[in-house]
Each structure stands twice: as C-alpha cells, then as structure tokens.
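**Q** My file is my_file17.csv. It has CSV, C-alpha atoms and all ligand atoms:
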```csv
chain,number,residue,atom,x,y,z
A,1,MET,CA,6.6,25.9,56.8
A,2,SER,CA,4.4,24.4,54.1
A,3,ALA,CA,6.8,25.5,51.5
A,4,GLY,CA,9.6,23.7,53.2
A,5,ALA,CA,7.6,20.6,53.3
A,6,ALA,CA,6.9,20.8,49.6
A,7,VAL,CA,10.6,21.2,48.8
A,8,ARG,CA,11.4,18.2,51.0
A,9,ARG,CA,8.7,16.1,49.3
A,10,GLY,CA,10.2,17.1,46.0
A,11,THR,CA,13.7,16.0,47.1
A,12,ALA,CA,12.3,12.8,48.4
A,13,CYS,CA,10.8,12.0,45.0
A,14,GLU,CA,14.1,12.8,43.3
A,15,GLU,CA,15.8,10.4,45.7
A,16,PHE,CA,13.2,7.8,45.2
A,17,MET,CA,13.9,7.6,41.5
A,18,SER,CA,17.5,7.8,40.5
A,19,ASN,CA,18.4,9.4,37.2
A,20,ASP,CA,19.2,6.0,35.8
A,21,GLU,CA,15.8,4.7,36.7
A,22,LYS,CA,14.2,7.7,35.2
A,23,ASP,CA,16.1,7.1,31.9
A,24,ARG,CA,15.1,3.5,31.9
A,25,TYR,CA,11.5,4.4,32.5
A,26,GLY,CA,11.6,6.9,29.7
A,27,GLN,CA,13.2,4.3,27.4
A,28,LYS,CA,10.5,1.9,28.2
A,29,LEU,CA,7.8,4.4,27.3
A,30,GLN,CA,9.6,5.0,24.0
A,31,ASP,CA,9.8,1.3,23.4
A,32,VAL,CA,6.1,0.9,24.0
A,33,GLU,CA,5.4,3.7,21.6
A,34,ALA,CA,7.7,2.4,18.9
A,35,ALA,CA,6.2,-1.1,19.2
A,36,ARG,CA,2.7,0.4,18.9
A,37,GLU,CA,3.8,2.3,15.8
A,38,ASN,CA,5.5,-0.8,14.3
A,39,GLU,CA,2.3,-2.7,14.9
A,40,TRP,CA,0.3,0.0,13.2
A,41,ALA,CA,2.7,0.1,10.2
A,42,HIS,CA,2.7,-3.6,9.9
A,43,LYS,CA,-1.1,-3.8,10.0
A,44,ARG,CA,-1.2,-1.1,7.3
A,45,ASP,CA,1.3,-2.9,5.1
A,46,GLN,CA,-0.7,-6.1,5.4
A,47,GLU,CA,-3.9,-4.3,4.4
A,48,LEU,CA,-2.1,-2.7,1.4
A,49,ILE,CA,-0.7,-6.1,0.3
A,50,GLU,CA,-4.2,-7.7,0.7
A,51,LYS,CA,-5.6,-4.9,-1.5
A,52,MET,CA,-2.9,-5.4,-4.2
A,53,ARG,CA,-3.5,-9.2,-4.1
A,54,ALA,CA,-7.2,-8.7,-4.5
A,55,LYS,CA,-6.7,-6.4,-7.4
A,56,LYS,CA,-4.4,-8.8,-9.2
A,57,THR,CA,-6.8,-11.7,-8.9
A,58,VAL,CA,-9.6,-9.8,-10.7
A,59,GLU,CA,-9.3,-11.0,-14.3
A,60,PRO,CA,-11.0,-9.1,-17.1
A,61,THR,CA,-13.9,-11.0,-18.5
A,62,CYS,CA,-16.0,-10.5,-21.6
A,63,PRO,CA,-19.2,-8.5,-20.8
A,64,GLU,CA,-21.0,-10.5,-23.5
A,65,CYS,CA,-20.2,-14.1,-22.6
A,66,GLU,CA,-18.3,-13.5,-19.3
A,67,LYS,CA,-15.4,-15.7,-20.4
A,68,LYS,CA,-12.0,-14.7,-19.3
A,69,LEU,CA,-10.2,-12.5,-21.8
A,70,VAL,CA,-7.0,-14.0,-23.3
A,71,ARG,CA,-3.9,-12.2,-24.3
A,72,ASP,CA,-3.7,-11.2,-27.9
A,73,ASP,CA,-0.4,-12.6,-29.1
A,74,GLU,CA,-1.6,-12.9,-32.7
A,75,HIS,CA,-1.6,-9.2,-33.5
A,76,GLY,CA,0.8,-8.0,-31.0
A,77,THR,CA,-1.5,-5.3,-29.6
A,78,GLY,CA,-0.6,-6.2,-26.0
A,79,GLY,CA,-4.4,-6.3,-25.3
A,80,MET,CA,-6.8,-8.9,-24.1
A,81,VAL,CA,-9.4,-10.5,-26.3
A,82,CYS,CA,-12.5,-12.5,-25.7
A,83,PRO,CA,-11.8,-16.1,-26.9
A,84,GLU,CA,-15.2,-15.9,-28.7
A,85,ARG,CA,-14.0,-12.7,-30.4
A,86,HIS,CA,-16.8,-10.6,-28.9
A,87,GLY,CA,-14.5,-7.8,-28.1
A,88,ALA,CA,-11.2,-6.8,-26.7
A,89,TRP,CA,-9.6,-4.7,-24.0
A,90,LEU,CA,-6.7,-2.5,-25.1
A,91,SER,CA,-4.7,0.1,-23.3
A,92,TRP,CA,-5.4,3.6,-24.5
A,93,ASP,CA,-1.8,4.0,-25.6
A,94,ALA,CA,-2.1,0.9,-27.8
A,95,ILE,CA,-5.3,2.3,-29.4
A,96,VAL,CA,-3.7,5.7,-30.1
A,97,LYS,CA,-0.7,3.9,-31.7
A,98,MET,CA,-3.0,1.9,-33.8
A,99,LEU,CA,-5.0,4.9,-34.9
A,100,ASP,CA,-1.8,6.7,-35.7
A,101,ARG,CA,-0.6,3.9,-37.8
A,102,LEU,CA,-4.0,3.9,-39.7
A,103,ALA,CA,-3.8,7.6,-40.2
A,104,HIS,CA,-0.2,7.4,-41.6
A,105,PRO,CA,-0.1,4.1,-43.4
A,106,GLY,CA,3.1,5.0,-45.3
A,107,SER,CA,5.2,6.1,-42.4
A,108,ARG,CA,6.4,2.6,-41.5
B,1,ZN,ZN,-17.2,-13.0,-25.2
```
Would you mind giving the structure from this file in structure tokens?
**A**
Amino acid sequence: MSAGAAVRRGTACEEFMSNDEKDRYGQKLQDVEAARENEWAHKRDQELIEKMRAKKTVEPTCPECEKKLVRDDEHGTGGMVCPERHGAWLSWDAIVKMLDRLAHPGSR
C-alpha cells in the first residue's frame, strides 16, 4: 500500500509541474548561473584593466635625482635618459645591438 502511495505522490508531482514549467525553471537556473559567470568575468576584466593602467602610469625615474627619464631621440637608442645625464634605461636588445656595433665597427 505504501508503495502505491509513493507512486501516486510521484505522479502528483509530475502533474504539478508541467514539462514546460520544468524547462522554464531549468532555463532560469541557467540564466542565473550565466549572469553570475558574466559578473565574475566582468569583475576580472576590470581588475586586469586597472592593473594595466597602474603599470602604464609608472614612469621610469632616475635613481640619482628622481627626475622622470626622457626619451633619447638624439642617439636613436630607443632608450630613456635622465635629463641631467645621470644615466639611462635601455632595452637589453638595444644594448646588445650597440655592443655588436662596437665589436664590428666596419660592418656597417
Ligand atoms: Zn638624474
């Protein structure tokens, strides 16, 4: 008898929620999940953008006089130099090229 009751309860539940309703409920759950994922992705993007912005605003300064380094257009090294000529920041590639040119002065 109890088994019969259980079956009947099951059927009642099925009747209570039509397939259409169940689909809509499932869709809603998916929407909520998607929205949550979007929010997370959006937040993460914002954080990455903030980090990139923060990195860009850090300008190299001279460790000696703390003045902002300026681009060296004079010698075409592509590097940054202290306006007081205390020193310079060059990419390693630029330094290697320069050393190469010094080592082989006649090649160009
Ligand atoms: Zn300096």
**Q** Per residue of chain A within 9 Å of ligand ZN 1 (chain B), what are the shortest atom pair and its distance in Å to one decimal, counting only C-alpha atoms and all ligand atoms, with rows by chain and residue number, as a tab-separated table?
**A**
```
residue	atom	partner	partner_atom	distance
A:Thr61	CA	B:ZN1	ZN	7.7
A:Cys62	CA	B:ZN1	ZN	4.5
A:Pro63	CA	B:ZN1	ZN	6.6
A:Glu64	CA	B:ZN1	ZN	4.9
A:Cys65	CA	B:ZN1	ZN	4.1
A:Glu66	CA	B:ZN1	ZN	6.0
A:Lys67	CA	B:ZN1	ZN	5.8
A:Lys68	CA	B:ZN1	ZN	8.0
A:Leu69	CA	B:ZN1	ZN	7.8
A:Val81	CA	B:ZN1	ZN	8.3
A:Cys82	CA	B:ZN1	ZN	4.8
A:Pro83	CA	B:ZN1	ZN	6.5
A:Glu84	CA	B:ZN1	ZN	5.0
A:Arg85	CA	B:ZN1	ZN	6.1
A:His86	CA	B:ZN1	ZN	4.4
A:Gly87	CA	B:ZN1	ZN	6.5
A:Ala88	CA	B:ZN1	ZN	8.8
```
**Q** Any idea what's packed within 12 Å of Gly78 in chain A, counting all atoms listed in the file, ignoring anything in its chain fewer than 3 positions away? Could you give it as a PyMOL selection string?
**A** chain A and resi 70-75+81+88-95+97-98
**Q** How many Å separate CA of Asn38 in chain A from CA of Asn19 in chain A?
**A**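 Answer for the CA of Asn38 in chain A to CA of Asn19 in chain A separation: 28.2 Å.
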**Q** Between CA of Trp40 in chain A and CA of Val58 in chain A, what distance in Å does the model show, to one decimal?
**A** 27.7 Å
**Q** Have range 62-77 of chain A completed to N, CA and C atoms, please, and pass it along as a PDB file, keeping the file's coordinate frame.
**A**
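Result went into out12.pdb, see below:
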```
ATOM      1  N   CYS A  62     -15.233 -10.999 -20.518  1.00  0.00           N
ATOM      2  CA  CYS A  62     -16.000 -10.500 -21.600  1.00  0.00           C
ATOM      3  C   CYS A  62     -17.422 -10.090 -21.059  1.00  0.00           C
ATOM      4  N   PRO A  63     -17.883  -8.876 -21.322  1.00  0.00           N
ATOM      5  CA  PRO A  63     -19.200  -8.500 -20.800  1.00  0.00           C
ATOM      6  C   PRO A  63     -20.341  -9.238 -21.556  1.00  0.00           C
ATOM      7  N   GLU A  64     -20.009  -9.821 -22.680  1.00  0.00           N
ATOM      8  CA  GLU A  64     -21.000 -10.500 -23.500  1.00  0.00           C
ATOM      9  C   GLU A  64     -21.205 -11.964 -23.012  1.00  0.00           C
ATOM     10  N   CYS A  65     -20.104 -12.723 -22.934  1.00  0.00           N
ATOM     11  CA  CYS A  65     -20.200 -14.100 -22.600  1.00  0.00           C
ATOM     12  C   CYS A  65     -19.572 -14.443 -21.217  1.00  0.00           C
ATOM     13  N   GLU A  66     -18.973 -13.434 -20.593  1.00  0.00           N
ATOM     14  CA  GLU A  66     -18.300 -13.500 -19.300  1.00  0.00           C
ATOM     15  C   GLU A  66     -17.176 -14.521 -19.239  1.00  0.00           C
ATOM     16  N   LYS A  67     -16.628 -14.851 -20.393  1.00  0.00           N
ATOM     17  CA  LYS A  67     -15.400 -15.700 -20.400  1.00  0.00           C
ATOM     18  C   LYS A  67     -14.213 -14.814 -20.141  1.00  0.00           C
ATOM     19  N   LYS A  68     -13.183 -15.436 -19.568  1.00  0.00           N
ATOM     20  CA  LYS A  68     -12.000 -14.700 -19.300  1.00  0.00           C
ATOM     21  C   LYS A  68     -11.288 -14.278 -20.570  1.00  0.00           C
ATOM     22  N   LEU A  69     -10.867 -13.026 -20.609  1.00  0.00           N
ATOM     23  CA  LEU A  69     -10.200 -12.500 -21.800  1.00  0.00           C
ATOM     24  C   LEU A  69      -8.787 -13.173 -21.855  1.00  0.00           C
ATOM     25  N   VAL A  70      -8.333 -13.413 -23.075  1.00  0.00           N
ATOM     26  CA  VAL A  70      -7.000 -14.000 -23.300  1.00  0.00           C
ATOM     27  C   VAL A  70      -6.088 -12.998 -23.931  1.00  0.00           C
ATOM     28  N   ARG A  71      -4.808 -13.159 -23.714  1.00  0.00           N
ATOM     29  CA  ARG A  71      -3.900 -12.200 -24.300  1.00  0.00           C
ATOM     30  C   ARG A  71      -3.832 -12.361 -25.819  1.00  0.00           C
ATOM     31  N   ASP A  72      -3.807 -11.236 -26.480  1.00  0.00           N
ATOM     32  CA  ASP A  72      -3.700 -11.200 -27.900  1.00  0.00           C
ATOM     33  C   ASP A  72      -2.285 -11.290 -28.368  1.00  0.00           C
ATOM     34  N   ASP A  73      -1.789 -12.496 -28.622  1.00  0.00           N
ATOM     35  CA  ASP A  73      -0.400 -12.600 -29.100  1.00  0.00           C
ATOM     36  C   ASP A  73      -0.372 -12.586 -30.624  1.00  0.00           C
ATOM     37  N   GLU A  74      -1.540 -12.825 -31.218  1.00  0.00           N
ATOM     38  CA  GLU A  74      -1.600 -12.900 -32.700  1.00  0.00           C
ATOM     39  C   GLU A  74      -1.277 -11.609 -33.372  1.00  0.00           C
ATOM     40  N   HIS A  75      -1.811 -10.514 -32.872  1.00  0.00           N
ATOM     41  CA  HIS A  75      -1.600  -9.200 -33.500  1.00  0.00           C
ATOM     42  C   HIS A  75      -0.627  -8.311 -32.817  1.00  0.00           C
ATOM     43  N   GLY A  76      -0.158  -8.768 -31.695  1.00  0.00           N
ATOM     44  CA  GLY A  76       0.800  -8.000 -31.000  1.00  0.00           C
ATOM     45  C   GLY A  76       0.328  -6.651 -30.457  1.00  0.00           C
ATOM     46  N   THR A  77      -0.955  -6.584 -30.124  1.00  0.00           N
ATOM     47  CA  THR A  77      -1.500  -5.300 -29.600  1.00  0.00           C
ATOM     48  C   THR A  77      -1.212  -5.143 -28.135  1.00  0.00           C
TER      49      THR A  77
END
```
